[in-house]
$ cat data_25.cif   # mmCIF, C-alpha atoms (C1' of nucleotides)
data_data
loop_
_atom_site.label_atom_id
_atom_site.label_comp_id
_atom_site.auth_asym_id
_atom_site.auth_seq_id
_atom_site.Cartn_x
_atom_site.Cartn_y
_atom_site.Cartn_z
CA MET A 1 0.00 0.00 0.00
CA PRO A 2 1.45 3.36 -0.96
CA LEU A 3 2.63 5.74 1.67
CA GLY A 4 0.08 8.26 2.78
CA THR A 5 -2.84 5.90 2.76
CA ASP A 6 -2.34 3.36 5.52
CA TYR A 7 -2.62 3.50 9.27
CA ALA A 8 -1.57 -0.11 9.77
CA ARG A 9 -0.71 0.14 13.44
CA GLN A 10 -4.09 1.52 14.49
CA ASP A 11 -6.58 -0.94 15.94
CA CYS A 12 -9.49 1.22 14.97
CA SER A 13 -12.35 1.04 12.51
CA LEU A 14 -12.05 4.72 11.76
CA ALA A 15 -8.49 4.13 10.57
CA ARG A 16 -9.65 1.21 8.43
CA SER A 17 -12.27 3.48 6.84
CA LEU A 18 -9.82 6.28 6.22
CA GLU A 19 -7.47 3.92 4.42
CA VAL A 20 -10.23 3.52 1.85
CA VAL A 21 -11.85 6.95 1.69
CA GLY A 22 -9.38 9.21 3.50
CA GLU A 23 -7.26 10.30 0.58
CA ARG A 24 -7.61 13.67 -1.04
CA TRP A 25 -10.50 13.78 -3.56
CA THR A 26 -11.94 10.35 -2.70
CA LEU A 27 -14.97 11.56 -0.75
CA LEU A 28 -15.71 14.23 -3.34
CA ILE A 29 -15.64 11.57 -6.05
CA LEU A 30 -18.10 9.48 -4.06
CA ARG A 31 -20.31 12.52 -3.48
CA ASP A 32 -20.45 13.02 -7.23
CA ALA A 33 -21.24 9.35 -7.73
CA PHE A 34 -24.21 9.76 -5.35
CA PHE A 35 -25.26 12.80 -7.35
CA GLY A 36 -25.40 10.66 -10.49
CA VAL A 37 -22.05 11.40 -12.13
CA ARG A 38 -20.94 8.29 -14.02
CA ARG A 39 -18.27 9.17 -16.59
CA PHE A 40 -14.58 9.98 -16.32
CA SER A 41 -14.81 13.29 -18.12
CA ASP A 42 -17.76 14.44 -15.99
CA PHE A 43 -15.94 13.73 -12.75
CA GLN A 44 -12.97 15.58 -14.13
CA ALA A 45 -14.93 18.60 -15.30
CA HIS A 46 -16.81 18.92 -12.03
CA LEU A 47 -13.87 18.38 -9.69
CA ASP A 48 -10.98 20.19 -11.44
CA ILE A 49 -8.83 17.19 -10.62
CA SER A 50 -5.84 16.01 -12.61
CA LYS A 51 -6.60 13.07 -14.85
CA ALA A 52 -3.75 11.03 -13.38
CA VAL A 53 -5.10 11.38 -9.85
CA LEU A 54 -8.69 10.77 -10.92
CA SER A 55 -7.59 7.63 -12.71
CA THR A 56 -5.72 6.40 -9.63
CA ARG A 57 -8.68 7.12 -7.36
CA LEU A 58 -11.28 5.47 -9.57
CA ASP A 59 -9.10 2.36 -9.90
CA GLY A 60 -8.66 2.29 -6.13
CA LEU A 61 -12.38 2.65 -5.48
CA VAL A 62 -13.14 -0.15 -7.91
CA ALA A 63 -10.47 -2.35 -6.29
CA ASP A 64 -11.96 -1.64 -2.85
CA GLY A 65 -15.43 -2.52 -4.07
CA LEU A 66 -17.01 0.93 -3.74
CA LEU A 67 -17.50 1.50 -7.46
CA THR A 68 -18.13 -0.83 -10.36
CA ARG A 69 -16.85 -0.07 -13.83
CA THR A 70 -18.96 -1.09 -16.79
CA SER A 71 -16.94 -3.10 -19.29
CA THR A 72 -18.90 -2.50 -22.49
CA GLY A 73 -18.67 0.73 -24.44
CA HIS A 74 -17.44 3.88 -22.75
CA PRO A 75 -16.73 3.14 -19.09
CA GLU A 76 -19.17 4.24 -16.43
CA TYR A 77 -18.58 4.16 -12.69
CA GLU A 78 -21.45 3.26 -10.40
CA PRO A 79 -21.52 3.10 -6.59
CA THR A 80 -21.90 -0.35 -5.05
CA GLU A 81 -24.09 -1.37 -2.12
CA ASP A 82 -21.03 -0.99 0.10
CA ALA A 83 -20.61 2.60 -1.00
CA LEU A 84 -24.23 3.40 -0.20
CA GLY A 85 -23.40 2.77 3.46
CA LEU A 86 -21.25 5.89 3.34
CA TRP A 87 -24.20 8.18 2.70
CA PRO A 88 -24.68 9.05 6.39
CA VAL A 89 -21.03 10.08 6.56
CA LEU A 90 -21.26 12.34 3.52
CA TYR A 91 -24.53 13.85 4.69
CA ALA A 92 -23.20 14.51 8.21
CA LEU A 93 -20.02 16.12 6.89
CA GLY A 94 -22.02 18.30 4.52
CA GLN A 95 -24.34 19.44 7.29
CA TRP A 96 -21.38 20.25 9.51
CA GLY A 97 -19.76 22.26 6.74
CA ASP A 98 -22.99 24.18 6.13
CA ARG A 99 -23.39 25.03 9.81
CA ARG A 100 -19.79 26.15 10.13
CA THR A 101 -19.46 28.29 7.02
CA THR A 102 -22.91 29.69 6.27
CA PRO A 103 -25.22 29.08 9.26
CA GLY A 104 -28.85 29.11 8.24
CA LEU A 105 -28.01 29.08 4.53
CA PRO A 106 -27.48 25.47 3.41
CA ARG A 107 -25.93 25.06 -0.02
CA ARG A 108 -28.15 22.09 -0.80
CA LEU A 109 -31.49 20.87 0.49
CA TYR A 110 -32.50 17.23 0.80
CA ARG A 111 -35.96 15.76 0.75
CA HIS A 112 -37.44 12.33 1.38
CA VAL A 113 -39.16 11.77 -1.96
CA GLY A 114 -42.93 12.05 -1.60
CA CYS A 115 -42.72 12.74 2.11
CA GLY A 116 -40.79 15.58 3.82
CA ASP A 117 -37.50 17.46 4.13
CA LEU A 118 -34.53 15.96 5.94
CA SER A 119 -33.36 17.17 9.35
CA PRO A 120 -29.68 17.96 9.97
CA ALA A 121 -29.43 14.45 11.46
CA GLY A 122 -30.69 12.91 8.20
CA SER A 123 -34.15 11.85 9.32
CA CYS A 124 -37.31 12.83 7.50
CA LEU A 125 -39.16 15.66 9.25
CA SER A 126 -42.46 14.14 8.17
CA CYS A 127 -42.17 10.38 8.72
CA GLY A 128 -39.18 10.34 11.08
CA ARG A 129 -37.28 7.64 9.22
CA SER A 130 -33.78 7.96 7.74
CA PRO A 131 -34.36 7.28 4.04
CA ALA A 132 -31.91 5.36 1.86
CA PRO A 133 -30.04 7.55 -0.66
CA GLY A 134 -32.18 6.28 -3.52
CA ASP A 135 -35.23 7.85 -1.86
CA ILE A 136 -33.64 11.25 -1.41
CA GLU A 137 -33.95 14.21 -3.73
CA VAL A 138 -31.35 16.98 -3.72
CA ARG A 139 -31.86 20.55 -4.87
CA PRO A 140 -29.90 23.82 -4.54
CA GLY A 141 -30.41 25.71 -1.29
CA PRO A 142 -30.25 29.42 -0.37
CA GLY A 143 -26.50 29.25 0.28
CA SER A 144 -25.58 27.94 -3.16
CA ASP A 145 -23.59 30.11 -5.53
CA PRO A 146 -24.64 29.43 -9.13
CA THR A 147 -22.01 31.81 -10.48
CA ARG A 148 -19.10 29.77 -9.21
CA ARG A 149 -19.09 26.97 -11.77
CA ASP A 150 -20.35 26.44 -15.28
CA ASP A 151 -19.35 22.89 -16.12
CA PRO A 152 -22.14 20.64 -17.43
CA VAL A 153 -22.42 18.71 -14.17
CA SER A 154 -22.89 21.86 -12.09
CA VAL A 155 -25.50 23.09 -14.54
CA ALA A 156 -27.38 19.80 -14.44
CA LEU A 157 -27.36 19.85 -10.64
CA ARG A 158 -29.27 23.15 -10.58
CA GLU A 159 -32.41 21.11 -11.13
CA PRO A 160 -33.84 18.91 -8.36
CA HIS A 161 -32.46 15.43 -8.80
CA ARG A 162 -32.89 12.06 -7.15
CA LEU A 163 -29.68 10.62 -5.71
CA LEU A 164 -28.04 7.71 -7.58
CA GLU A 165 -30.03 8.40 -10.73
CA PRO A 166 -27.55 8.93 -13.60
CA LEU A 167 -27.31 12.62 -14.35
CA ALA A 168 -28.40 13.82 -17.80
CA VAL A 169 -25.35 15.89 -18.54
CA ARG A 170 -25.62 16.77 -22.18
CA MET B 1 -3.71 27.71 2.75
CA PRO B 2 -1.19 25.11 1.70
CA LEU B 3 -1.79 23.16 -1.45
CA GLY B 4 -3.35 19.80 -0.88
CA THR B 5 -5.92 21.15 1.52
CA ASP B 6 -8.21 23.40 -0.48
CA TYR B 7 -10.97 22.74 -2.93
CA ALA B 8 -11.63 26.40 -3.58
CA ARG B 9 -13.58 25.97 -6.78
CA GLN B 10 -16.14 23.62 -5.29
CA ASP B 11 -19.46 25.16 -4.24
CA CYS B 12 -20.09 22.42 -1.74
CA SER B 13 -20.26 22.11 2.01
CA LEU B 14 -18.56 18.76 1.91
CA ALA B 15 -15.56 20.39 0.26
CA ARG B 16 -15.56 23.12 2.91
CA SER B 17 -15.54 20.45 5.61
CA LEU B 18 -12.76 18.48 3.98
CA GLU B 19 -10.59 21.58 3.82
CA VAL B 20 -10.65 21.52 7.62
CA VAL B 21 -10.68 17.82 8.49
CA GLY B 22 -9.77 16.11 5.23
CA GLU B 23 -6.02 15.96 5.59
CA ARG B 24 -4.17 12.85 6.59
CA TRP B 25 -4.24 12.26 10.39
CA THR B 26 -6.71 15.03 11.21
CA LEU B 27 -9.76 12.86 11.88
CA LEU B 28 -7.68 10.41 13.89
CA ILE B 29 -6.41 13.27 16.02
CA LEU B 30 -9.98 14.40 16.63
CA ARG B 31 -11.05 10.85 17.45
CA ASP B 32 -8.33 10.74 20.09
CA ALA B 33 -9.46 14.10 21.42
CA PHE B 34 -12.97 12.67 21.84
CA PHE B 35 -11.43 9.70 23.63
CA GLY B 36 -9.85 12.07 26.14
CA VAL B 37 -6.32 12.43 24.82
CA ARG B 38 -5.08 15.92 25.69
CA ARG B 39 -1.28 16.07 25.47
CA PHE B 40 1.15 16.24 22.57
CA SER B 41 3.14 13.20 23.63
CA ASP B 42 0.03 11.07 24.10
CA PHE B 43 -1.29 11.88 20.63
CA GLN B 44 2.12 11.02 19.27
CA ALA B 45 2.48 7.74 21.15
CA HIS B 46 -1.00 6.58 20.18
CA LEU B 47 -0.88 7.61 16.52
CA ASP B 48 2.72 6.85 15.47
CA ILE B 49 2.74 10.19 13.70
CA SER B 50 5.79 12.31 13.05
CA LYS B 51 6.11 15.19 15.49
CA ALA B 52 6.39 17.69 12.67
CA VAL B 53 3.07 16.65 11.17
CA LEU B 54 1.37 16.43 14.56
CA SER B 55 2.54 19.92 15.35
CA THR B 56 1.25 21.24 12.03
CA ARG B 57 -2.12 19.51 12.47
CA LEU B 58 -2.65 20.66 16.05
CA ASP B 59 -1.83 24.25 15.08
CA GLY B 60 -4.25 24.00 12.18
CA LEU B 61 -7.04 22.61 14.30
CA VAL B 62 -6.53 25.38 16.85
CA ALA B 63 -6.53 27.98 14.08
CA ASP B 64 -9.77 26.53 12.68
CA GLY B 65 -11.39 26.60 16.10
CA LEU B 66 -11.74 22.86 16.60
CA LEU B 67 -9.27 22.60 19.45
CA THR B 68 -8.23 25.00 22.19
CA ARG B 69 -4.72 25.00 23.57
CA THR B 70 -4.26 25.76 27.25
CA SER B 71 -1.72 28.53 27.71
CA THR B 72 -0.58 27.88 31.26
CA GLY B 73 1.74 25.02 32.12
CA HIS B 74 2.22 22.12 29.77
CA PRO B 75 -0.07 22.55 26.79
CA GLU B 76 -3.28 20.54 26.56
CA TYR B 77 -5.57 20.37 23.55
CA GLU B 78 -9.30 20.21 24.10
CA PRO B 79 -12.10 19.90 21.54
CA THR B 80 -14.35 22.93 21.14
CA GLU B 81 -18.11 23.00 20.78
CA ASP B 82 -17.60 23.18 17.02
CA ALA B 83 -15.61 19.96 17.07
CA LEU B 84 -18.33 18.16 19.01
CA GLY B 85 -20.54 18.56 15.95
CA LEU B 86 -18.25 16.16 14.14
CA TRP B 87 -19.12 13.26 16.43
CA PRO B 88 -21.82 11.87 14.11
CA VAL B 89 -19.28 11.83 11.28
CA LEU B 90 -16.67 9.96 13.29
CA TYR B 91 -19.24 7.52 14.62
CA ALA B 92 -20.69 6.82 11.17
CA LEU B 93 -17.26 6.29 9.65
CA GLY B 94 -16.29 3.94 12.46
CA GLN B 95 -19.47 1.92 12.06
CA TRP B 96 -18.91 1.67 8.31
CA GLY B 97 -15.35 0.47 8.85
CA ASP B 98 -16.51 -2.13 11.36
CA ARG B 99 -19.17 -3.46 9.01
CA ARG B 100 -16.76 -3.63 6.10
CA THR B 101 -13.78 -5.24 7.76
CA THR B 102 -15.13 -7.42 10.59
CA PRO B 103 -18.91 -7.77 10.23
CA GLY B 104 -20.55 -8.65 13.51
CA LEU B 105 -17.37 -7.98 15.50
CA PRO B 106 -17.18 -4.26 16.30
CA ARG B 107 -13.83 -3.08 17.60
CA ARG B 108 -15.50 -0.73 20.06
CA LEU B 109 -18.91 -0.57 21.69
CA TYR B 110 -20.75 2.61 22.62
CA ARG B 111 -23.37 3.10 25.28
CA HIS B 112 -25.70 5.91 26.29
CA VAL B 113 -24.59 6.37 29.90
CA GLY B 114 -27.22 5.07 32.31
CA CYS B 115 -29.55 4.05 29.47
CA GLY B 116 -28.75 1.65 26.60
CA ASP B 117 -26.34 0.68 23.84
CA LEU B 118 -26.08 2.71 20.63
CA SER B 119 -27.40 1.47 17.29
CA PRO B 120 -25.25 1.63 14.16
CA ALA B 121 -27.08 4.87 13.37
CA GLY B 122 -26.00 6.39 16.68
CA SER B 123 -29.32 6.36 18.51
CA CYS B 124 -29.81 4.78 21.92
CA LEU B 125 -31.51 1.39 21.68
CA SER B 126 -33.30 2.09 24.95
CA CYS B 127 -34.51 5.70 24.77
CA GLY B 128 -34.23 6.26 21.01
CA ARG B 129 -32.40 9.55 21.27
CA SER B 130 -28.97 10.35 19.78
CA PRO B 131 -26.92 11.28 22.83
CA ALA B 132 -24.27 14.01 22.83
CA PRO B 133 -20.70 12.69 22.99
CA GLY B 134 -20.39 13.67 26.65
CA ASP B 135 -23.14 11.17 27.48
CA ILE B 136 -21.53 8.27 25.65
CA GLU B 137 -19.29 5.62 27.14
CA VAL B 138 -16.87 3.66 24.97
CA ARG B 139 -15.42 0.23 25.71
CA PRO B 140 -13.53 -2.42 23.72
CA GLY B 141 -15.68 -4.72 21.61
CA PRO B 142 -15.25 -8.32 20.45
CA GLY B 143 -13.32 -7.27 17.33
CA SER B 144 -10.62 -5.38 19.21
CA ASP B 145 -7.06 -6.66 19.22
CA PRO B 146 -5.36 -5.87 22.55
CA THR B 147 -2.06 -7.31 21.35
CA ARG B 148 -1.60 -4.74 18.63
CA ARG B 149 -0.50 -1.76 20.69
CA ASP B 150 1.01 -1.19 24.11
CA ASP B 151 1.32 2.56 24.38
CA PRO B 152 -0.16 4.16 27.51
CA VAL B 153 -3.16 5.56 25.66
CA SER B 154 -4.12 2.19 24.19
CA VAL B 155 -3.76 0.60 27.61
CA ALA B 156 -5.93 3.24 29.27
CA LEU B 157 -8.60 2.76 26.59
CA ARG B 158 -9.03 -0.90 27.54
CA GLU B 159 -11.22 0.27 30.41
CA PRO B 160 -14.68 1.69 29.75
CA HIS B 161 -14.40 5.43 29.46
CA ARG B 162 -16.74 8.37 29.00
CA LEU B 163 -16.06 10.44 25.89
CA LEU B 164 -14.42 13.85 26.34
CA GLU B 165 -13.30 13.04 29.87
CA PRO B 166 -9.52 13.51 30.02
CA LEU B 167 -7.83 10.14 29.96
CA ALA B 168 -5.78 9.10 33.01
CA VAL B 169 -2.72 7.99 31.10
CA ARG B 170 -0.09 7.49 33.75
"C1'" DC C 1 -12.36 5.20 -42.79
"C1'" DC C 2 -11.81 9.62 -40.97
"C1'" DA C 3 -12.53 13.27 -37.18
"C1'" DG C 4 -13.54 14.43 -32.78
"C1'" DG C 5 -14.57 13.23 -28.27
"C1'" DT C 6 -13.47 10.15 -24.44
"C1'" DG C 7 -10.40 7.88 -21.33
"C1'" DG C 8 -6.61 7.41 -20.14
"C1'" DT C 9 -0.73 7.36 -19.46
"C1'" DC C 10 3.73 9.87 -19.08
"C1'" DT C 11 6.83 13.59 -17.47
"C1'" DG C 12 9.08 17.23 -14.87
"C1'" DT C 13 8.15 20.17 -11.07
"C1'" DT C 14 6.20 21.31 -6.69
"C1'" DC C 15 4.64 20.10 -2.29
"C1'" DA C 16 3.77 16.91 1.86
"C1'" DT C 17 5.37 13.36 4.81
"C1'" DC C 18 8.84 10.72 7.00
"C1'" DG C 19 12.44 9.55 10.53
"C1'" DA C 20 15.98 11.31 13.09
"C1'" DA C 21 18.55 14.79 15.21
"C1'" DC C 22 18.40 18.97 17.52
"C1'" DT C 23 16.46 22.78 20.66
"C1'" DA C 24 13.45 24.96 24.00
"C1'" DT C 25 10.47 24.86 27.88
"C1'" DC C 26 8.33 22.94 32.05
"C1'" DG C 27 8.19 21.22 36.64
"C1'" DG C 28 9.86 18.50 40.27
"C1'" DT C 29 13.74 17.85 43.40
"C1'" DA C 30 17.94 18.74 46.00
"C1'" DT D 1 17.39 28.58 43.07
"C1'" DA D 2 20.02 25.61 40.29
"C1'" DC D 3 19.95 21.40 38.27
"C1'" DC D 4 17.86 17.50 35.44
"C1'" DG D 5 14.74 14.56 33.22
"C1'" DA D 6 10.49 14.73 30.72
"C1'" DT D 7 7.68 17.21 27.57
"C1'" DA D 8 6.93 19.89 23.45
"C1'" DG D 9 8.21 21.16 19.88
"C1'" DT D 10 11.55 22.73 15.26
"C1'" DT D 11 14.82 21.71 11.63
"C1'" DC D 12 16.77 18.84 8.03
"C1'" DG D 13 17.56 15.76 4.08
"C1'" DA D 14 15.32 11.96 1.64
"C1'" DT D 15 11.29 9.90 -0.32
"C1'" DG D 16 6.83 9.74 -2.18
"C1'" DA D 17 2.44 11.89 -3.88
"C1'" DA D 18 -0.12 15.67 -6.46
"C1'" DC D 19 -0.13 18.89 -10.11
"C1'" DA D 20 -0.49 20.80 -14.96
"C1'" DG D 21 0.20 19.79 -19.41
"C1'" DA D 22 1.65 16.93 -23.34
"C1'" DC D 23 0.87 12.83 -25.43
"C1'" DC D 24 -1.58 8.57 -27.07
"C1'" DA D 25 -5.18 4.86 -27.82
"C1'" DC D 26 -9.82 3.70 -28.37
"C1'" DC D 27 -14.69 4.30 -29.33
"C1'" DT D 28 -18.41 6.36 -31.96
"C1'" DG D 29 -20.90 9.02 -35.40
"C1'" DG D 30 -20.81 10.63 -40.02
#
$ encode --input "data_25.cif" --output "structure tokens"
Amino acid sequence: MPLGTDYARQDCSLARSLEVVGERWTLLILRDAFFGVRRFSDFQAHLDISKAVLSTRLDGLVADGLLTRTSTGHPEYEPTEDALGLWPVLYALGQWGDRRTTPGLPRRLYRHVGCGDLSPAGSCLSCGRSPAPGDIEVRPGPGSDPTRRDDPVSVALREPHRLLEPLAVR
Amino acid sequence: MPLGTDYARQDCSLARSLEVVGERWTLLILRDAFFGVRRFSDFQAHLDISKAVLSTRLDGLVADGLLTRTSTGHPEYEPTEDALGLWPVLYALGQWGDRRTTPGLPRRLYRHVGCGDLSPAGSCLSCGRSPAPGDIEVRPGPGSDPTRRDDPVSVALREPHRLLEPLAVR
DNA sequence: CCAGGTGGTCTGTTCATCGAACTATCGGTA
DNA sequence: TACCGATAGTTCGATGAACAGACCACCTGG
């Protein structure tokens, strides 16, 4: 395992997790995968990441079983069941970032499809359950800044969109 | 801000969070702070981290308002209110790591003090609430490996211990 | 079968991390 | 109060990872 990614001497599940998702860019790639990004060039356009690093990260995520890569035609990367278990982590980190940087003005809003909005803890304000990512719809919130980016993925994400559903980019 | 830590062009709360806690070692340092580690040498002994990097990270966390550094006597680092908001993230990541690497054998167990054990989602199995870190007790679970480490912090953590309470290391 | 878009790899430079040696400060003891 | 060990760092050279940009191979539509 390359330097910078392992915490071999730690007897701790957090360390085990960080060996998989703790590298620079990895969680942002997974966030995009939840948002429906599927293709190499779309990840690259949305993240401003070097192709070499993106390639390394995608390969690593496939090797660790968090993404699958389609083998026919142009490759697409899709989150696995295992990756879906990370949704609470991504949601909690996003909420924390919202509270810290722009209190009261979330950059994105999440909704339990056909039910109610999500609380900061990730539970539906209407039914009280914590919906699976596939039952969550994301839309821009009052803290979002539509002038910051103009890549096709950012544009597509200005419309409400159900998580995990492949994004119509073009 | 040094390169490797910023995602300036991302309009995303997750990116803002990762700029603060996304670097190598940072989340493990915060985990230790939740576990009651307070002193430079104890962080270092428990994490096997170079002193230079530990120094840089602690300074950064103080600058970002996640830790306070006592100014009288030997320095101690204590998590701030802002840092406490990260507990759900750390807990969720730990649970995910447990499930992935040793299903059914968690390395640590968490309990709502005076009430019940915590579910994988972080809520108390007895009262249903999600307790604040100060009301949670941690103890080794069936998946822990007591032979892996012998530093004073690891030894102290073999006893049940309430989060945020300074660890009696010596 | 050709052109352009897609999905990479390769390269030189810059930056972060590492281990080890060195320095400064604290606090207890004589 | 003057020492001395423990604590808390800083500095240094070597190694490895990230970056931007050039380059190349493959797929797909015309």
$ residues_around --input "data_25.cif" --residues "range 102-107 of chain A" --least-positions-apart "5" --cutoff "10 Å" --atoms "all atoms listed in the file" --output "PyMOL selection string"
(chain A and resi 94-97+139-145) or (chain B and resi 11-14)
$ closest_atom_pairs --input "data_25.cif" --of "chain C" --to "chain A" --cutoff "10 Å" --atoms "only C-alpha atoms (C1' of nucleotides)" --output "CSV"
residue,atom,partner,partner_atom,distance
C:DT6,C1',A:Ser41,CA,7.2
C:DG7,C1',A:Phe40,CA,6.9
C:DG8,C1',A:Ser55,CA,7.5
C:DT9,C1',A:Ala52,CA,7.7
C:DC10,C1',A:Ala52,CA,9.5
C:DA16,C1',A:Gly4,CA,9.4
C:DT17,C1',A:Gly4,CA,7.6
C:DC18,C1',A:Leu3,CA,9.6
$ closest_atom_pairs --input "data_25.cif" --of "chain D" --to "chain A" --cutoff "12 Å" --atoms "all atoms listed in the file" --output "CSV"
residue,atom,partner,partner_atom,distance
D:DT15,C1',A:Leu3,CA,9.8
D:DG16,C1',A:Leu3,CA,7.0
D:DA17,C1',A:Gly4,CA,7.9
D:DA18,C1',A:Val53,CA,7.4
D:DC19,C1',A:Ser50,CA,6.9
D:DA20,C1',A:Ser50,CA,7.6
D:DG21,C1',A:Ser50,CA,9.8
D:DC26,C1',A:His74,CA,9.5
D:DC27,C1',A:His74,CA,7.1
D:DT28,C1',A:Gly73,CA,9.4
$ closest_residue --input "data_25.cif" --among "A:Gly85, A:Gly60, A:Ala45, A:Leu157" --to "chain B" --atoms "only C-alpha atoms"
A:Gly85
$ closest_residue --input "data_25.cif" --among "B:Thr56, B:Gln44, B:Phe35, B:Tyr91" --to "DT7 in chain D" --atoms "only C-alpha atoms (C1' of nucleotides)"
B:Gln44
$ residues_around --input "data_25.cif" --residues "Val89 in chain B" --least-positions-apart "4" --cutoff "7 Å" --atoms "all atoms listed in the file" --output "list in words"
Val89, Ala92 and Leu93 of chain A; Leu93 of chain B
$ atom_distance --input "data_25.cif" --atom1 "CA of Glu81 in chain B" --atom2 "CA of Gly65 in chain B"
8.9 Å
$ resolve_selection --input "data_25.cif" --expression "the PyMOL selection byres ((chain B and resi 114) around 12)" --output "short mmCIF file (atom, residue, chain, number, x, y, z; two decimals) with C-alpha atoms, in the coordinates of the input"
data_model
loop_
_atom_site.label_atom_id
_atom_site.label_comp_id
_atom_site.auth_asym_id
_atom_site.auth_seq_id
_atom_site.Cartn_x
_atom_site.Cartn_y
_atom_site.Cartn_z
CA TYR B 110 -20.75 2.61 22.62
CA ARG B 111 -23.37 3.10 25.28
CA HIS B 112 -25.70 5.91 26.29
CA VAL B 113 -24.59 6.37 29.90
CA CYS B 115 -29.55 4.05 29.47
CA GLY B 116 -28.75 1.65 26.60
CA ASP B 117 -26.34 0.68 23.84
CA LEU B 118 -26.08 2.71 20.63
CA CYS B 124 -29.81 4.78 21.92
CA SER B 126 -33.30 2.09 24.95
CA CYS B 127 -34.51 5.70 24.77
CA PRO B 131 -26.92 11.28 22.83
CA ASP B 135 -23.14 11.17 27.48
CA ILE B 136 -21.53 8.27 25.65
CA GLU B 137 -19.29 5.62 27.14
CA ARG B 162 -16.74 8.37 29.00
#
$ residues_around --input "data_25.cif" --residues "DG30 in chain D" --least-positions-apart "4" --cutoff "12 Å" --atoms "all atoms listed in the file" --output "list in words"
DC1, DC2, DA3 and DG4 of chain C
$ closest_residue --input "data_25.cif" --among "A:Val20, A:Leu163, A:Ala33, A:Val153" --to "Thr80 in chain A" --atoms "all atoms listed in the file"
A:Ala33
$ closest_residue --input "data_25.cif" --among "A:Ser119, A:Ser17, A:Ser154, A:Thr72" --to "chain B" --atoms "only C-alpha atoms"
A:Ser17
$ resolve_selection --input "data_25.cif" --expression "the PyMOL selection byres ((chain C and resi 29) around 10)" --output "PyMOL selection string"
(chain C and resi 27-28+30) or (chain D and resi 3-4)
$ residues_around --input "data_25.cif" --residues "Leu58 in chain A" --least-positions-apart "6" --cutoff "9 Å" --atoms "all atoms listed in the file" --output "PyMOL selection string"
chain A and resi 26+29+40+67+69+77
$ write_last_selection --input "data_25.cif" --atoms "C-alpha atoms" --output "short mmCIF file (atom, residue, chain, number, x, y, z; two decimals), in the frame of the given file"
data_model
loop_
_atom_site.label_atom_id
_atom_site.label_comp_id
_atom_site.auth_asym_id
_atom_site.auth_seq_id
_atom_site.Cartn_x
_atom_site.Cartn_y
_atom_site.Cartn_z
CA THR A 26 -11.94 10.35 -2.70
CA ILE A 29 -15.64 11.57 -6.05
CA PHE A 40 -14.58 9.98 -16.32
CA LEU A 67 -17.50 1.50 -7.46
CA ARG A 69 -16.85 -0.07 -13.83
CA TYR A 77 -18.58 4.16 -12.69
#
